[in-house]
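Notes for the one structure printed next.
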Amino acid sequence: MKKILVIQYSQTGQLSDVVASICRPLQESKDVEVVIETLEPVKPYPYPWKFFEFLDVFPESVYLDPPELKPLTVSVDEDFDLVIFAYQVWFLSPSLPITAFLKSKAGKQLLENKPVVTVIACRDMWAMAQETVKKMLADMNVRLLDNIVLTDQGSSLASFITTPHWLFTGKKDAFWKFPPAGIADEEIQKACRFGLALLEGINNDCEKNNEPILSGLKVVTADTSLIKSEKIGYRSFRIWGKLIRKAGQPGDARRKPVLVIYIVFLVLMIVTVVPVNMLLKRILAKFSRQKQEAMKQYFEQPSGSGDERMNQFKCH
Ligand SMILES: Cc1cc2nc3c(=O)[nH]c(=O)nc-3n(C[C@H](O)[C@H](O)[C@H](O)COP(=O)(O)O)c2cc1C
């Protein structure tokens with residue numbers, strides 16, 4: 001019997017729902033054992049968030065400065081055939097509990113030399129975080145087979161309002177002209193196709209190869225204009241993150257004035273640089289199609305954005 005380890009952390013339950021949908025076909029099969037490990041920081045992160053608490057995790061998120069985790073329930077001596085590694089993005093970086101796992105000795109023992117499928121559920125800016133995770137996984141000699149990405153419903157502009165509203169109030173419902181916050185329920189349900197395809201793949205020993213198992217299942221779609229904004233944002237996060245870390249430890253009152261200046265800067269940047277950059281990108285894209293296409297393909301690796309096998313894997 002093949003054994004799959006699932007690593008996850010979720011504050012609102014959204015990522016757990018995505019993971020549950022993917023794992024359902026695997027858990028229903030007699031050929032596979034699924035072990036789900038839910039990470040728990042010693043000091044839990046708040047949800048709903050207070051404004052300053054939310055901002056205060058940004059420097060440590062970007063500088064991959066991990067919190068302490070409670071001991072895992074899974075034994076590090078257990079051997080798994082495949083790992084499903086599910087995470088959310090915090091400030092263009094893997095969330096802090098996920099970083100803590102990746103940097104821990106136990107994480108290394110469980111992931112080293114293993115085939116891994118990453119699953120991301122976030123607003124819509126995941127590319128820089130996945131670059132970071134890819135580097136950390138490569139250092140552990142991991143074979144990254146697929147990267148599944150699910151993002152919040154509505155336009156990027158809409159989720160720029162609905163996601164913070166949800167995280168600060170705990171309310172997901174639609175309001176004004178905006179759609180509900182988070183990933184659409186239908187998308188979450190349809191994620192079970194990945195579980196069906198993984199089951200078929202693992203039954204055929206596909207995890208032993210170095211090739212994607214999930215290609216053709218609309219695994220990911222990279223938006224190059226968003227990625228350009230992510231690159232600019234990430235650079236500014238590194239600079240401001242360093243300044244804020246110099247001002248004090250997490251939770252230190254001395255951080256607040258720098259955080260206030262930073263948030264003013266960030267909002268100004270978002271309402272000016274991001275739209276101008278997206279517009280410029282769209283205009284320039286007409287003249288640099290090949291470059292855009294190469295960038296899109298790079299960030300959609302390893303599975304690609306094709307949908308040719310969608311009819312083959314349907315859940316009921
Ligand atoms: C502190 C914080 C920072 C976040 N930063 C980003 C981000 O940079 N990009 C993004 O797409 N989503 C971002 N999100 C949204 C999360 O990735 C995720 O969609 C949301 O928190 C729900 O995840 P959950 O499964 O933990 O409930 C952020 C959320 C939090 C709490």
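If you're wondering about the labels, chains in the structure tokens are A, B, ... by order shown, residues count from 1 in each chain, ligands from 1 in order shown.
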**Study point:** Close residues, Lys242 (chain A) itself excluded, 8 Å, only C-alpha atoms, min 4 positions apart in chain, as a list in words
**Key:**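 Counting only the stated atoms, we get Pro59, Arg238 and Lys246 of chain A.
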Review point. Which parts of region 16-109 of chain A does DSSP call helix (DSSP H, G or I) when run on the backbone here, written out as number ranges by chain?
Key: A: 16-28, 51-56, 58-62, 96-103, 105-109
Using only C-alpha atoms, please write the residues we just selected to a file, as a JSON list (two decimals), in the first residue's frame.
[["chain", "number", "residue", "atom", "x", "y", "z"],
["A", 16, "SER", "CA", -7.97, 22.63, 4.71],
["A", 17, "ASP", "CA", -11.10, 22.55, 2.53],
["A", 18, "VAL", "CA", -8.95, 22.52, -0.61],
["A", 19, "VAL", "CA", -6.79, 19.75, 0.84],
["A", 20, "ALA", "CA", -9.90, 17.75, 1.88],
["A", 21, "SER", "CA", -11.30, 18.00, -1.65],
["A", 22, "ILE", "CA", -8.01, 16.83, -3.22],
["A", 23, "CYS", "CA", -7.58, 14.02, -0.70],
["A", 24, "ARG", "CA", -11.15, 12.63, -0.85],
["A", 25, "PRO", "CA", -10.54, 10.26, -3.80],
["A", 26, "LEU", "CA", -7.25, 9.17, -2.23],
["A", 27, "GLN", "CA", -8.84, 8.51, 1.16],
["A", 28, "GLU", "CA", -11.67, 6.55, -0.46],
["A", 51, "PHE", "CA", -4.59, 45.63, 11.64],
["A", 52, "PHE", "CA", -1.19, 45.99, 13.34],
["A", 53, "GLU", "CA", -0.88, 42.30, 14.17],
["A", 54, "PHE", "CA", -1.42, 41.60, 10.48],
["A", 55, "LEU", "CA", 1.24, 44.10, 9.37],
["A", 56, "ASP", "CA", 3.61, 43.02, 12.11],
["A", 58, "PHE", "CA", 5.29, 40.97, 7.29],
["A", 59, "PRO", "CA", 9.03, 41.42, 8.08],
["A", 60, "GLU", "CA", 9.40, 37.90, 9.54],
["A", 61, "SER", "CA", 7.37, 36.38, 6.67],
["A", 62, "VAL", "CA", 9.64, 37.96, 4.07],
["A", 96, "LEU", "CA", 5.21, 31.56, 8.69],
["A", 97, "PRO", "CA", 4.07, 28.15, 10.02],
["A", 98, "ILE", "CA", 4.96, 26.67, 6.63],
["A", 99, "THR", "CA", 8.39, 28.35, 6.67],
["A", 100, "ALA", "CA", 8.88, 26.94, 10.17],
["A", 101, "PHE", "CA", 8.19, 23.43, 8.90],
["A", 102, "LEU", "CA", 10.49, 23.84, 5.89],
["A", 103, "LYS", "CA", 13.29, 25.07, 8.15],
["A", 105, "LYS", "CA", 14.83, 19.26, 11.27],
["A", 106, "ALA", "CA", 11.61, 17.21, 11.21],
["A", 107, "GLY", "CA", 10.53, 18.89, 7.97],
["A", 108, "LYS", "CA", 13.86, 18.08, 6.38],
["A", 109, "GLN", "CA", 13.67, 14.45, 7.51]]
Using only C-alpha atoms, which protein or nucleic acid residues come within 10 Å of region 210-218 of chain A? Drop anything in the same chain fewer than 6 positions from it, and give the result as a PDB file with C-alpha atoms, in the first residue's frame.
ATOM      1  CA  PRO A 115       8.484  13.479  -4.683  1.00  0.00           C
ATOM      2  CA  VAL A 117       3.186  18.121  -5.068  1.00  0.00           C
ATOM      3  CA  ARG A 143      11.478  16.244  -6.805  1.00  0.00           C
ATOM      4  CA  LEU A 144       8.704  18.805  -7.392  1.00  0.00           C
ATOM      5  CA  LEU A 145       6.175  16.963  -9.582  1.00  0.00           C
ATOM      6  CA  ASP A 146       3.295  19.462  -9.752  1.00  0.00           C
ATOM      7  CA  ASN A 147       2.223  22.814  -8.378  1.00  0.00           C
ATOM      8  CA  ILE A 148      -1.546  23.266  -7.951  1.00  0.00           C
ATOM      9  CA  VAL A 149      -2.668  26.889  -7.552  1.00  0.00           C
ATOM     10  CA  LEU A 150      -6.169  28.040  -6.544  1.00  0.00           C
ATOM     11  CA  ALA A 191     -10.123  20.326  -6.911  1.00  0.00           C
ATOM     12  CA  ARG A 193      -9.941  16.041  -9.901  1.00  0.00           C
ATOM     13  CA  PHE A 194      -6.340  16.369  -8.708  1.00  0.00           C
ATOM     14  CA  GLY A 195      -6.931  13.605  -6.171  1.00  0.00           C
ATOM     15  CA  LEU A 196      -8.402  11.325  -8.831  1.00  0.00           C
ATOM     16  CA  ALA A 197      -5.435  11.925 -11.138  1.00  0.00           C
ATOM     17  CA  LEU A 198      -2.944  11.482  -8.289  1.00  0.00           C
ATOM     18  CA  LEU A 199      -4.598   8.177  -7.414  1.00  0.00           C
ATOM     19  CA  GLU A 200      -4.281   6.931 -10.976  1.00  0.00           C
ATOM     20  CA  GLY A 201      -0.700   8.233 -11.128  1.00  0.00           C
ATOM     21  CA  ILE A 202       0.388   6.630  -7.882  1.00  0.00           C
ATOM     22  CA  GLN A 301       6.160  24.753 -14.384  1.00  0.00           C
ATOM     23  CA  PRO A 302       6.131  21.846 -13.824  1.00  0.00           C
ATOM     24  CA  SER A 303       2.511  21.006 -14.713  1.00  0.00           C
ATOM     25  CA  GLY A 304       1.588  23.786 -17.201  1.00  0.00           C
ATOM     26  CA  SER A 305      -1.811  25.421 -17.706  1.00  0.00           C
ATOM     27  CA  GLY A 306      -3.318  22.989 -20.241  1.00  0.00           C
ATOM     28  CA  ASP A 307      -6.873  21.665 -19.795  1.00  0.00           C
ATOM     29  CA  GLU A 308      -6.923  18.764 -22.253  1.00  0.00           C
ATOM     30  CA  ARG A 309      -7.546  16.075 -19.633  1.00  0.00           C
ATOM     31  CA  MET A 310     -10.330  17.877 -17.729  1.00  0.00           C
ATOM     32  CA  ASN A 311     -13.025  15.482 -18.981  1.00  0.00           C
ATOM     33  CA  GLN A 312     -11.029  12.461 -17.875  1.00  0.00           C
ATOM     34  CA  PHE A 313     -11.105  13.237 -14.141  1.00  0.00           C
TER      35      PHE A 313
END
Interface rows for chain A against ligand 1: nearest pair, Å to one decimal, 8 Å, only C-alpha atoms and all ligand atoms, as a Markdown table:
| residue | atom | partner | partner_atom_place_in_ligand_line | distance |
| --- | --- | --- | --- | --- |
| A:Tyr9 | CA | ligand 1 | 26 (O) | 6.4 |
| A:Ser10 | CA | ligand 1 | 26 (O) | 3.6 |
| A:Gln11 | CA | ligand 1 | 26 (O) | 3.7 |
| A:Thr12 | CA | ligand 1 | 27 (O) | 3.4 |
| A:Gly13 | CA | ligand 1 | 27 (O) | 4.9 |
| A:Gln14 | CA | ligand 1 | 25 (O) | 4.1 |
| A:Leu15 | CA | ligand 1 | 25 (O) | 3.7 |
| A:Ser16 | CA | ligand 1 | 25 (O) | 6.4 |
| A:Trp49 | CA | ligand 1 | 31 (C) | 7.4 |
| A:Phe54 | CA | ligand 1 | 1 (C) | 5.2 |
| A:Leu55 | CA | ligand 1 | 1 (C) | 6.9 |
| A:Val57 | CA | ligand 1 | 1 (C) | 6.3 |
| A:Phe58 | CA | ligand 1 | 1 (C) | 6.7 |
| A:Tyr87 | CA | ligand 1 | 25 (O) | 7.7 |
| A:Gln88 | CA | ligand 1 | 17 (O) | 4.2 |
| A:Val89 | CA | ligand 1 | 17 (O) | 3.8 |
| A:Trp90 | CA | ligand 1 | 5 (N) | 3.4 |
| A:Phe91 | CA | ligand 1 | 8 (O) | 3.4 |
| A:Leu92 | CA | ligand 1 | 8 (O) | 3.8 |
| A:Ser93 | CA | ligand 1 | 8 (O) | 6.6 |
| A:Ser95 | CA | ligand 1 | 2 (C) | 7.4 |
| A:Ala121 | CA | ligand 1 | 19 (O) | 5.6 |
| A:Cys122 | CA | ligand 1 | 19 (O) | 3.3 |
| A:Arg123 | CA | ligand 1 | 11 (O) | 3.4 |
| A:Asp124 | CA | ligand 1 | 11 (O) | 3.9 |
| A:Met125 | CA | ligand 1 | 11 (O) | 3.7 |
| A:Trp126 | CA | ligand 1 | 11 (O) | 5.4 |
| A:Thr151 | CA | ligand 1 | 11 (O) | 7.2 |
| A:Asp152 | CA | ligand 1 | 19 (O) | 7.2 |
| A:Thr163 | CA | ligand 1 | 15 (C) | 6.8 |
| A:Pro164 | CA | ligand 1 | 29 (C) | 7.8 |
| A:Leu167 | CA | ligand 1 | 31 (C) | 6.4 |
| A:Gly182 | CA | ligand 1 | 19 (O) | 6.5 |
| A:Ile183 | CA | ligand 1 | 19 (O) | 8.0 |
Check your understanding: Contacts of Val258 (chain A) at 8 Å or less, counting only C-alpha atoms, minus same-chain residues fewer than 3 places along, as an MDAnalysis selection string?
Key -> chainID A and resid 243:244 247 254:255 261:262
Point to revise | Proximity to Pro94 (chain A) - best of A:Ser159, A:Gln8, A:Ser236, A:Thr38, only C-alpha atoms | key: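 Nearest to Pro94 (chain A): A:Gln8.
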Check your understanding: Per DSSP on the backbone, what are the strand (DSSP E) residues of region 117-311 of chain A, as a list in words?
Key ->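 The residues of region 117-311 of chain A classed as strand (DSSP E) are Val117, Thr118, Val119, Ile120, Ala121, Cys122, Arg143, Leu144, Leu145, Asp146, Asn147, Ile148, Val149, Leu150 and Thr151 of chain A.
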Okay, now the selection with N, CA and C atoms, as a tab-separated table (two decimals), in the first residue's frame?
chain	number	residue	atom	x	y	z
A	117	VAL	N	4.14	17.30	-4.32
A	117	VAL	CA	3.19	18.12	-5.07
A	117	VAL	C	2.85	19.30	-4.18
A	118	THR	N	3.13	20.52	-4.63
A	118	THR	CA	2.76	21.69	-3.83
A	118	THR	C	1.34	22.13	-4.18
A	119	VAL	N	0.62	22.62	-3.17
A	119	VAL	CA	-0.74	23.14	-3.37
A	119	VAL	C	-0.77	24.54	-2.76
A	120	ILE	N	-1.14	25.53	-3.55
A	120	ILE	CA	-1.22	26.90	-3.01
A	120	ILE	C	-2.66	27.37	-3.08
A	121	ALA	N	-3.16	27.93	-1.98
A	121	ALA	CA	-4.48	28.58	-1.99
A	121	ALA	C	-4.28	29.96	-1.41
A	122	CYS	N	-4.44	31.00	-2.25
A	122	CYS	CA	-4.17	32.36	-1.77
A	122	CYS	C	-5.00	33.36	-2.57
A	143	ARG	N	11.91	16.20	-5.41
A	143	ARG	CA	11.48	16.24	-6.81
A	143	ARG	C	10.09	16.88	-6.83
A	144	LEU	N	10.00	18.12	-7.33
A	144	LEU	CA	8.70	18.80	-7.39
A	144	LEU	C	7.96	18.34	-8.64
A	145	LEU	N	6.88	17.55	-8.44
A	145	LEU	CA	6.17	16.96	-9.58
A	145	LEU	C	5.13	17.91	-10.17
A	146	ASP	N	4.37	18.57	-9.29
A	146	ASP	CA	3.30	19.46	-9.75
A	146	ASP	C	3.14	20.61	-8.77
A	147	ASN	N	2.58	21.71	-9.26
A	147	ASN	CA	2.22	22.81	-8.38
A	147	ASN	C	0.79	23.25	-8.68
A	148	ILE	N	-0.13	22.92	-7.77
A	148	ILE	CA	-1.55	23.27	-7.95
A	148	ILE	C	-1.77	24.65	-7.34
A	149	VAL	N	-2.40	25.55	-8.10
A	149	VAL	CA	-2.67	26.89	-7.55
A	149	VAL	C	-4.15	27.25	-7.68
A	150	LEU	N	-4.78	27.56	-6.55
A	150	LEU	CA	-6.17	28.04	-6.54
A	150	LEU	C	-6.17	29.46	-5.98
A	151	THR	N	-6.84	30.37	-6.67
A	151	THR	CA	-6.85	31.76	-6.21
A	151	THR	C	-8.27	32.28	-6.00
Exercise for review: Can you work out which one of A:Ile7, A:Val274, A:Leu226, A:Ile36 has the shortest atom-to-atom distance to Gln292 (chain A), counting only C-alpha atoms?
Suggested key: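 Closest to Gln292 (chain A), using only C-alpha atoms: A:Leu226.
For the pair CA of Asp31 (chain A) and CA of Thr73 (chain A), the separation is 22.8 Å.
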Exercise for review: Record the distance separating CA of Phe299 (chain A) and CA of Lys281 (chain A), expressed in Å with one decimal.
Suggested key: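 So the answer is 16.7 Å.
We find CA of Leu280 (chain A) and CA of Glu131 (chain A) to be spaced 24.2 Å apart.
Comparing the minimum interatomic distances between Ile263 (chain A) and each of A:Trp166, A:Phe85, A:Trp240, A:Tyr234, counting only C-alpha atoms, we find that A:Trp240 sits nearest.
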Practice item. Could you check which of A:Met136, A:Val42, A:Ile161, A:Val32 is closest to Leu64 (chain A), using only C-alpha atoms? Key: A:Met136
